[in-house]
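Visitor: Have a peek at start_33.cif (mmCIF, C-alpha atoms).
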data_coords
#
loop_
_atom_site.label_atom_id
_atom_site.label_comp_id
_atom_site.auth_asym_id
_atom_site.auth_seq_id
_atom_site.Cartn_x
_atom_site.Cartn_y
_atom_site.Cartn_z
CA MET A 24 -32.35 60.84 22.69
CA ASP A 25 -31.71 59.76 19.11
CA ILE A 26 -28.49 61.66 18.84
CA VAL A 27 -27.04 59.92 21.90
CA VAL A 28 -28.02 56.51 20.53
CA ARG A 29 -26.55 57.36 17.13
CA ALA A 30 -23.33 58.58 18.73
CA VAL A 31 -23.02 55.35 20.75
CA ILE A 32 -23.61 53.26 17.61
CA ALA A 33 -21.10 55.35 15.64
CA PHE A 34 -18.51 55.00 18.40
CA ALA A 35 -19.02 51.25 18.65
CA PHE A 36 -18.86 50.79 14.88
CA VAL A 37 -15.73 52.90 14.43
CA PHE A 38 -14.14 51.12 17.39
CA LEU A 39 -14.97 47.76 15.83
CA LEU A 40 -13.56 48.90 12.49
CA THR A 41 -10.30 50.02 14.03
CA ARG A 42 -9.96 46.66 15.77
CA ILE A 43 -10.64 44.57 12.66
CA VAL A 44 -8.85 46.67 10.04
CA GLY A 45 -5.50 45.94 11.63
CA ARG A 46 -3.06 48.09 13.49
CA ARG A 47 -0.57 48.57 10.65
CA GLU A 48 -3.17 50.21 8.42
CA LEU A 49 -4.02 52.65 11.17
CA SER A 50 -0.55 53.58 12.30
CA SER A 51 0.78 54.80 8.96
CA LEU A 52 -0.52 58.21 8.05
CA GLU A 53 0.34 58.79 4.43
CA PRO A 54 -1.40 61.55 2.43
CA PHE A 55 -4.08 59.15 1.21
CA ASP A 56 -4.71 57.89 4.75
CA LEU A 57 -5.06 61.46 5.94
CA ILE A 58 -7.72 62.16 3.32
CA LEU A 59 -9.50 58.93 4.27
CA LEU A 60 -9.41 59.99 7.90
CA VAL A 61 -11.05 63.33 7.11
CA MET A 62 -13.65 61.55 4.96
CA MET A 63 -14.41 59.09 7.73
CA GLY A 64 -14.86 61.92 10.20
CA ASP A 65 -17.28 63.66 7.89
CA LEU A 66 -19.28 60.50 7.24
CA VAL A 67 -19.53 59.68 10.91
CA GLN A 68 -20.56 63.24 11.76
CA GLN A 69 -23.37 63.14 9.21
CA GLY A 70 -24.65 59.88 10.59
CA VAL A 71 -24.57 61.12 14.16
CA THR A 72 -25.95 64.65 13.93
CA GLN A 73 -27.80 64.34 10.59
CA SER A 74 -29.71 67.59 10.13
CA ASP A 75 -29.28 68.77 13.71
CA PHE A 76 -27.25 71.99 13.66
CA SER A 77 -27.97 72.97 17.26
CA VAL A 78 -25.49 73.56 20.06
CA THR A 79 -27.49 71.06 22.12
CA GLY A 80 -26.84 68.48 19.41
CA LEU A 81 -23.13 69.25 19.51
CA VAL A 82 -23.04 68.91 23.31
CA LEU A 83 -24.92 65.59 23.20
CA ALA A 84 -22.83 64.08 20.41
CA ALA A 85 -19.44 65.27 21.67
CA GLY A 86 -20.37 64.41 25.27
CA THR A 87 -21.42 60.89 24.31
CA ILE A 88 -18.23 60.25 22.33
CA ALA A 89 -16.11 61.60 25.21
CA PHE A 90 -17.98 59.46 27.73
CA MET A 91 -17.59 56.35 25.60
CA THR A 92 -13.87 57.02 25.24
CA VAL A 93 -13.47 57.29 29.01
CA LEU A 94 -15.64 54.20 29.52
CA VAL A 95 -13.52 52.07 27.18
CA SER A 96 -10.36 53.39 28.80
CA TYR A 97 -11.71 52.62 32.29
CA LEU A 98 -12.84 49.12 31.31
CA SER A 99 -9.41 48.44 29.88
CA PHE A 100 -7.74 49.74 33.04
CA ARG A 101 -10.08 47.98 35.47
CA PHE A 102 -10.43 44.60 33.80
CA ARG A 103 -7.19 42.99 32.66
CA ARG A 104 -9.06 40.32 30.70
CA LEU A 105 -10.68 42.97 28.51
CA ARG A 106 -7.39 44.59 27.53
CA PRO A 107 -6.56 42.27 24.63
CA ILE A 108 -10.03 42.90 23.20
CA LEU A 109 -10.12 46.65 23.76
CA ASP A 110 -6.46 47.54 23.20
CA GLY A 111 -4.93 44.58 21.40
CA GLU A 112 -1.62 43.01 22.28
CA PRO A 113 1.97 43.43 21.11
CA ILE A 114 3.46 40.91 18.72
CA VAL A 115 7.12 40.04 18.47
CA VAL A 116 8.13 40.27 14.81
CA VAL A 117 11.93 40.01 15.04
CA GLN A 118 14.02 38.03 17.45
CA ASP A 119 17.79 37.92 17.40
CA GLY A 120 17.99 39.55 13.97
CA LYS A 121 15.58 37.07 12.40
CA PRO A 122 12.12 38.14 11.25
CA ILE A 123 9.33 35.86 12.46
CA GLU A 124 7.54 35.20 9.19
CA ALA A 125 4.31 33.84 10.68
CA ASN A 126 3.80 36.94 12.81
CA LEU A 127 4.62 39.29 9.96
CA LYS A 128 2.16 37.47 7.74
CA ARG A 129 -0.52 37.60 10.40
CA GLU A 130 -0.21 41.39 10.53
CA ARG A 131 0.15 41.74 6.73
CA LEU A 132 3.54 43.29 7.34
CA THR A 133 6.18 42.86 4.63
CA LEU A 134 9.90 42.63 5.18
CA GLU A 135 10.26 45.85 3.17
CA GLU A 136 7.97 47.70 5.57
CA LEU A 137 9.85 46.26 8.52
CA THR A 138 13.23 47.37 7.19
CA GLN A 139 11.79 50.79 6.34
CA GLU A 140 10.61 51.18 9.91
CA ALA A 141 14.05 50.10 11.10
CA ARG A 142 15.75 52.68 8.87
CA LEU A 143 13.47 55.35 10.30
CA GLN A 144 14.99 54.49 13.67
CA GLN A 145 18.55 54.66 12.32
CA ILE A 146 18.90 50.89 12.09
CA ALA A 147 20.57 49.87 8.85
CA SER A 148 19.87 46.16 8.99
CA ILE A 149 17.46 43.83 10.73
CA ASP A 150 20.53 41.80 11.71
CA GLU A 151 21.31 44.55 14.22
CA VAL A 152 17.95 44.08 15.93
CA GLU A 153 17.59 41.94 19.03
CA TRP A 154 13.86 42.43 19.32
CA ALA A 155 11.25 44.16 17.20
CA VAL A 156 7.76 44.37 18.59
CA LEU A 157 4.66 45.50 16.76
CA GLU A 158 3.02 47.49 19.51
CA LYS A 159 -0.68 47.92 20.25
CA THR A 160 -0.57 51.35 18.63
CA GLY A 161 0.69 49.92 15.34
CA ALA A 162 4.18 51.37 15.78
CA ILE A 163 7.15 49.03 15.72
CA SER A 164 9.67 49.31 18.51
CA PHE A 165 13.20 48.06 17.90
CA ILE A 166 15.69 47.00 20.53
CA LYS A 167 19.17 46.74 19.13
CA LYS A 168 21.61 44.01 19.97
CA SER A 169 24.05 45.04 22.62
CA GLY A 170 27.18 46.33 20.94
CA SER A 171 25.41 47.15 17.64
CA MET B 6 21.77 21.62 26.46
CA ARG B 7 23.72 24.57 25.14
CA GLU B 8 20.75 25.54 22.92
CA ALA B 9 18.40 25.45 25.90
CA ALA B 10 20.78 27.65 27.87
CA ALA B 11 20.98 30.07 24.96
CA GLU B 12 17.19 30.15 24.72
CA LEU B 13 16.97 30.83 28.45
CA GLN B 14 19.45 33.65 28.02
CA ARG B 15 17.33 35.10 25.22
CA VAL B 16 14.18 34.76 27.31
CA ALA B 17 15.92 36.60 30.12
CA ASN B 18 16.75 39.41 27.72
CA GLN B 19 13.30 39.84 26.31
CA PRO B 20 11.64 43.26 26.68
CA GLU B 21 9.72 43.82 29.87
CA LEU B 22 6.12 42.57 29.91
CA ILE B 23 6.68 40.64 26.71
CA VAL B 24 5.71 37.04 27.27
CA LEU B 25 7.25 34.98 24.53
CA LYS B 26 4.61 32.27 24.57
CA ARG B 27 1.87 34.82 24.12
CA HIS B 28 3.54 37.58 22.13
CA ARG B 29 5.94 35.61 19.95
CA ASP B 30 4.46 32.12 19.74
CA LEU B 31 0.92 33.55 19.92
CA GLU B 32 -0.33 30.90 22.30
CA GLY B 33 -4.00 31.49 23.05
CA ARG B 34 -4.15 34.04 20.23
CA ARG B 35 -4.28 31.80 17.19
CA TRP B 36 -8.03 32.21 16.90
CA HIS B 37 -7.87 36.02 16.87
CA PRO B 38 -7.44 36.39 13.09
CA VAL B 39 -10.49 34.16 12.61
CA VAL B 40 -12.59 36.53 14.72
CA ARG B 41 -11.20 39.47 12.77
CA ARG B 42 -12.04 37.82 9.46
CA VAL B 43 -15.55 36.92 10.62
CA LEU B 44 -16.19 40.51 11.72
CA LEU B 45 -14.77 41.81 8.46
CA ALA B 46 -17.02 39.38 6.58
CA LEU B 47 -20.00 40.72 8.51
CA VAL B 48 -19.13 44.28 7.48
CA LEU B 49 -18.74 43.07 3.90
CA ALA B 50 -22.10 41.29 4.11
CA VAL B 51 -23.77 44.55 5.11
CA LEU B 52 -22.21 46.24 2.08
CA VAL B 53 -23.39 43.47 -0.23
CA LEU B 54 -26.89 43.72 1.22
CA ALA B 55 -26.78 47.46 0.54
CA LEU B 56 -25.85 46.77 -3.09
CA LEU B 57 -28.85 44.45 -3.26
CA ASN B 58 -31.09 47.35 -2.21
CA VAL B 59 -31.89 45.92 1.21
CA PHE B 60 -31.40 49.35 2.77
CA GLY B 61 -33.04 51.31 -0.07
CA GLN B 62 -33.56 53.57 -1.84
CA ARG B 63 -34.03 52.09 -5.31
CA PRO B 64 -37.61 52.75 -6.43
CA ALA B 65 -39.90 49.99 -7.63
CA THR B 66 -43.24 49.97 -9.37
CA SER B 67 -46.41 48.66 -7.79
CA ARG B 68 -49.25 48.26 -10.27
CA ALA B 69 -52.94 47.47 -10.14
CA ALA B 70 -55.53 47.43 -12.92
CA THR B 71 -59.24 46.93 -13.46
CA HIS B 72 -61.53 47.40 -16.44
CA ALA B 73 -61.93 51.07 -15.37
CA ALA B 74 -58.38 52.25 -14.67
CA VAL B 75 -54.73 51.40 -14.23
CA LEU B 76 -52.73 52.73 -11.32
CA SER B 77 -49.00 52.45 -10.90
CA VAL B 78 -46.93 53.78 -8.03
CA TYR B 79 -43.20 54.22 -8.58
CA SER B 80 -41.48 54.79 -5.27
CA PRO B 81 -38.87 53.19 -3.03
CA SER B 82 -40.15 50.83 -0.37
CA ARG B 83 -36.98 51.10 1.70
CA VAL B 84 -35.35 54.40 2.62
CA ARG B 85 -33.00 55.80 5.21
CA GLY B 86 -33.33 58.76 7.53
CA GLY B 87 -32.74 62.10 5.83
CA LEU B 88 -32.97 60.82 2.26
CA LEU B 89 -34.85 62.63 -0.48
CA TYR B 90 -37.07 60.56 -2.71
CA THR B 91 -39.87 60.96 -5.21
CA ALA B 92 -43.09 59.00 -5.50
CA ARG B 93 -44.81 58.92 -8.87
CA PHE B 94 -48.53 58.11 -9.11
CA HIS B 95 -49.64 57.29 -12.63
CA VAL B 96 -53.37 56.91 -13.25
CA THR B 97 -54.71 55.85 -16.62
CA ALA B 98 -58.46 55.89 -17.16
CA LEU B 99 -59.92 53.15 -19.34
CA THR B 100 -63.46 54.45 -18.97
CA ASN B 101 -64.89 57.87 -18.23
CA LEU B 102 -63.98 58.81 -14.64
CA PRO B 103 -65.60 62.09 -13.58
CA LYS B 104 -63.95 62.48 -10.17
CA VAL B 105 -60.64 60.67 -9.85
CA GLN B 106 -59.20 60.64 -6.37
CA LEU B 107 -55.96 59.26 -4.96
CA VAL B 108 -56.37 58.28 -1.34
CA LEU B 109 -53.03 57.92 0.45
CA ALA B 110 -52.49 56.16 3.77
CA PRO B 111 -51.07 58.29 6.63
CA GLY B 112 -47.76 56.41 6.31
CA TRP B 113 -46.98 58.48 3.23
CA PHE B 114 -46.77 61.59 5.38
CA GLU B 115 -46.05 60.43 8.91
CA GLY B 116 -42.46 61.44 9.68
CA MET B 117 -41.92 62.64 6.12
CA GLN B 118 -41.42 66.15 4.83
CA VAL B 119 -43.37 66.87 1.67
CA ASN B 120 -41.20 69.18 -0.40
CA SER B 121 -43.56 69.56 -3.33
CA THR B 122 -46.46 67.99 -5.17
CA ILE B 123 -46.42 68.37 -8.95
CA PRO B 124 -48.91 69.14 -10.32
CA GLN B 125 -50.98 70.38 -7.43
CA PRO B 126 -54.21 68.36 -7.19
CA VAL B 127 -57.49 70.12 -7.86
CA SER B 128 -58.11 69.87 -4.15
CA GLU B 129 -56.74 68.10 -1.10
CA GLY B 130 -58.68 66.73 1.79
CA SER B 131 -58.85 64.13 4.49
CA ASP B 132 -60.98 61.02 4.60
CA ASN B 133 -60.91 59.20 7.90
CA GLY B 134 -57.27 60.07 8.49
CA GLN B 135 -56.21 59.37 4.92
CA VAL B 136 -55.05 62.11 2.57
CA VAL B 137 -57.17 62.61 -0.54
CA PHE B 138 -55.81 64.14 -3.73
CA ASP B 139 -58.58 65.13 -6.10
CA LEU B 140 -57.30 64.78 -9.68
CA GLY B 141 -60.51 65.88 -11.39
CA HIS B 142 -61.99 64.38 -14.53
CA LEU B 143 -60.22 61.78 -16.67
CA GLY B 144 -61.70 60.63 -19.98
CA PRO B 145 -61.10 57.15 -21.48
CA GLY B 146 -57.45 56.68 -22.47
CA LYS B 147 -56.33 59.79 -20.60
CA SER B 148 -53.80 59.64 -17.84
CA SER B 149 -52.64 61.78 -14.99
CA ILE B 150 -49.26 61.69 -13.28
CA VAL B 151 -48.57 63.18 -9.90
CA TRP B 152 -45.05 63.44 -8.47
CA VAL B 153 -44.59 63.99 -4.76
CA GLN B 154 -41.14 64.83 -3.42
CA PHE B 155 -40.41 63.67 0.10
CA GLN B 156 -37.63 63.85 2.61
CA VAL B 157 -37.46 61.27 5.37
CA ASN B 158 -37.41 62.63 8.88
CA PRO B 159 -34.28 61.12 10.52
CA THR B 160 -36.24 60.07 13.60
CA ASN B 161 -38.87 58.27 11.53
CA VAL B 162 -37.58 54.72 11.90
CA GLY B 163 -39.61 51.56 11.29
CA HIS B 164 -42.37 50.37 9.03
CA ARG B 165 -45.29 52.43 7.73
CA SER B 166 -48.24 51.45 5.62
CA GLN B 167 -48.25 53.35 2.32
CA ASP B 168 -51.43 51.97 0.80
CA VAL B 169 -52.85 53.80 -2.19
CA LEU B 170 -56.51 53.79 -3.09
CA LEU B 171 -57.91 55.02 -6.38
CA THR B 172 -61.52 56.08 -6.33
CA ASP B 173 -63.99 57.67 -8.65
CA GLY B 174 -65.88 59.81 -6.17
CA LYS B 175 -67.02 57.39 -3.48
CA HIS B 176 -66.60 54.37 -5.76
CA GLU B 177 -63.42 52.40 -5.04
CA LEU B 178 -61.59 51.39 -8.19
CA LEU B 179 -58.19 50.09 -7.18
CA HIS B 180 -56.10 49.42 -4.15
CA ILE B 181 -52.33 49.01 -3.86
CA ASP B 182 -50.97 47.59 -0.66
CA ARG B 183 -47.50 48.98 0.11
CA THR B 184 -45.24 49.27 3.12
CA ILE B 185 -42.26 51.51 3.51
CA THR B 186 -39.34 50.61 5.77
CA VAL B 187 -37.24 53.45 7.14
CA PHE B 188 -33.73 52.53 8.28
CA PRO B 189 -31.96 54.75 10.80
#
Will you turn the file into structure tokens for me?

Guide:
Amino acid sequence: MDIVVRAVIAFAFVFLLTRIVGRRELSSLEPFDLILLVMMGDLVQQGVTQSDFSVTGLVLAAGTIAFMTVLVSYLSFRFRRLRPILDGEPIVVVQDGKPIEANLKRERLTLEELTQEARLQQIASIDEVEWAVLEKTGAISFIKKSGS
Amino acid sequence: MREAAAELQRVANQPELIVLKRHRDLEGRRWHPVVRRVLLALVLAVLVLALLNVFGQRPATSRAATHAAVLSVYSPSRVRGGLLYTARFHVTALTNLPKVQLVLAPGWFEGMQVNSTIPQPVSEGSDNGQVVFDLGHLGPGKSSIVWVQFQVNPTNVGHRSQDVLLTDGKHELLHIDRTITVFP
């Protein structure tokens, strides 16, 4: 029973962390982030299975995590009101070529990062952007001005 | 008038399912960063508590003395599941003690793995559910140290009494009242 409880706690804690850390931090996967990700996985695994090396332990832990993932997904699908809490919401960061400073600040997103993301999508200048939206996933989607 | 028309035009062009009031002007979402900061502060608080040894496993000394002997126990009082730790029992005789015995409450062993006891006591036994380590004879001014290495069973969560009694045969000399807390 312990392993199921530990897996639920680990899932809830990691879920909480991902919601409070901020989407930008999670969307960029630089080498350091990749190492952190592996470290996090290892730490969580130790906390969940501890000294249990059995196949039963694996089935219980992996099954619990899978069930919790489906549960969160279902709750988000079924209850619209829970979506902002479980998935987050998009934020408009550029409108009509003008960055919205308050929204960038709220997401700890610098103008340099914004322009870098734009360049990655073959957009040379923010002036060319009609809308830029920081999506729930942490990615930024750009919609160019018509004619740009 | 022209500005309002232009704004309407822009609103009409906004990406699908983007509601400007909510997703640009953040109406009804202004309190979200506060919640995020509060939750982050809670996580930080847990880390600070850990630095302050709230979750173990920094050892501390418990000490008791009489005219006949001094007993000190150096061991953590808070541990976490799976951790290794050592308890040190230091007995100093102030008078002649022919049959020194350490009597340990069951909480020392319940849900704990004993990896080793150094040195091995002269004998081990049980007294009404408590574990008795017989340390033999100690003359005045002599001392005996026993180290016991433990590992916490991960399922052993909660509080346990870890009282230690020092006796000379059947004669009780000292008593240390301890409790260990095991975090999951």

Visitor: Given the PyMOL selection byres ((chain B) within 7 of (chain A)) and the file above, list the residues it selects as a PyMOL selection string.

Guide: chain B and resi 28-29+41+44-45

Visitor: Can I get the selection written as an mmCIF file, in the coordinates of the input, with C-alpha atoms?

Guide:
data_model
loop_
_atom_site.group_PDB
_atom_site.id
_atom_site.type_symbol
_atom_site.label_atom_id
_atom_site.label_comp_id
_atom_site.auth_asym_id
_atom_site.auth_seq_id
_atom_site.Cartn_x
_atom_site.Cartn_y
_atom_site.Cartn_z
ATOM 1 C CA HIS B 28 3.540 37.580 22.130
ATOM 2 C CA ARG B 29 5.940 35.610 19.950
ATOM 3 C CA ARG B 41 -11.200 39.470 12.770
ATOM 4 C CA LEU B 44 -16.190 40.510 11.720
ATOM 5 C CA LEU B 45 -14.770 41.810 8.460
#

Visitor: Rounded to one decimal, what separation in Å do you get between CA of Gly144 in chain B and CA of Leu99 in chain B?

Guide: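 About the pair CA of Gly144 in chain B and CA of Leu99 in chain B: they are 7.7 Å apart.
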
Visitor: Might you pull out every residue within 7 Å of range 88-95 of chain B, with only C-alpha atoms counted and same-chain residues fewer than 2 positions away left off, and present them as a short mmCIF file (atom, residue, chain, number, x, y, z; two decimals) with C-alpha atoms, in the coordinates of the input?

Guide:
data_model
loop_
_atom_site.label_atom_id
_atom_site.label_comp_id
_atom_site.auth_asym_id
_atom_site.auth_seq_id
_atom_site.Cartn_x
_atom_site.Cartn_y
_atom_site.Cartn_z
CA LEU B 76 -52.73 52.73 -11.32
CA SER B 77 -49.00 52.45 -10.90
CA VAL B 78 -46.93 53.78 -8.03
CA TYR B 79 -43.20 54.22 -8.58
CA SER B 80 -41.48 54.79 -5.27
CA VAL B 84 -35.35 54.40 2.62
CA ARG B 85 -33.00 55.80 5.21
CA GLY B 86 -33.33 58.76 7.53
CA THR B 97 -54.71 55.85 -16.62
CA SER B 149 -52.64 61.78 -14.99
CA ILE B 150 -49.26 61.69 -13.28
CA VAL B 151 -48.57 63.18 -9.90
CA TRP B 152 -45.05 63.44 -8.47
CA VAL B 153 -44.59 63.99 -4.76
CA GLN B 154 -41.14 64.83 -3.42
CA PHE B 155 -40.41 63.67 0.10
CA GLN B 156 -37.63 63.85 2.61
CA VAL B 157 -37.46 61.27 5.37
#

Visitor: Please evaluate the PyMOL selection byres ((chain B and resi 74) around 12) against the structure above and give the resulting residues as a count of residues only.

Guide: 34

Visitor: Quick one, how far is CA of Arg165 in chain B from CA of Asn120 in chain B?

Guide: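 CA of Asn120 in chain B lies at a distance of 19.1 Å from CA of Arg165 in chain B.
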
Visitor: Excluding range 89-99 of chain A and residues on its chain fewer than 6 positions from it, collect all residues at most 9 Å away from it, counting only C-alpha atoms, and give them as a PyMOL selection string.

Guide: chain A and resi 31+34-35+105-110

Visitor: How far is it from CA of Val51 in chain B to CA of Val37 in chain A, in Å with one decimal?

Guide: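 CA of Val37 in chain A lies 14.9 Å from CA of Val51 in chain B.
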
Visitor: Ranking A:Leu57, A:Ile146, A:Leu81, A:Ala162 by minimum distance to Leu132 in chain A and counting only C-alpha atoms, which one comes first?

Guide: A:Ala162

Visitor: Point out the residue among B:Val187, B:Gly141, B:Leu107, B:Lys175 with the least atom-to-atom distance to Gly163 in chain B, counting all atoms listed in the file.

Guide: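 Ranking B:Val187, B:Gly141, B:Leu107, B:Lys175 by distance to Gly163 in chain B, first place goes to B:Val187.
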
Visitor: List every protein, DNA or RNA residue that has an atom no more than 9 Å from (-36.3, 53.0, -8.8) in the file's coordinate frame, counting only C-alpha atoms, and report them as a PyMOL selection string.

Guide: chain B and resi 62-66+79-81

Visitor: Smallest atom-to-atom distance to Ser164 in chain A: which of A:Arg103, A:Lys128, A:Arg142, A:Lys121, using all atoms listed in the file?

Guide: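 Smallest distance to Ser164 in chain A is found for A:Arg142.
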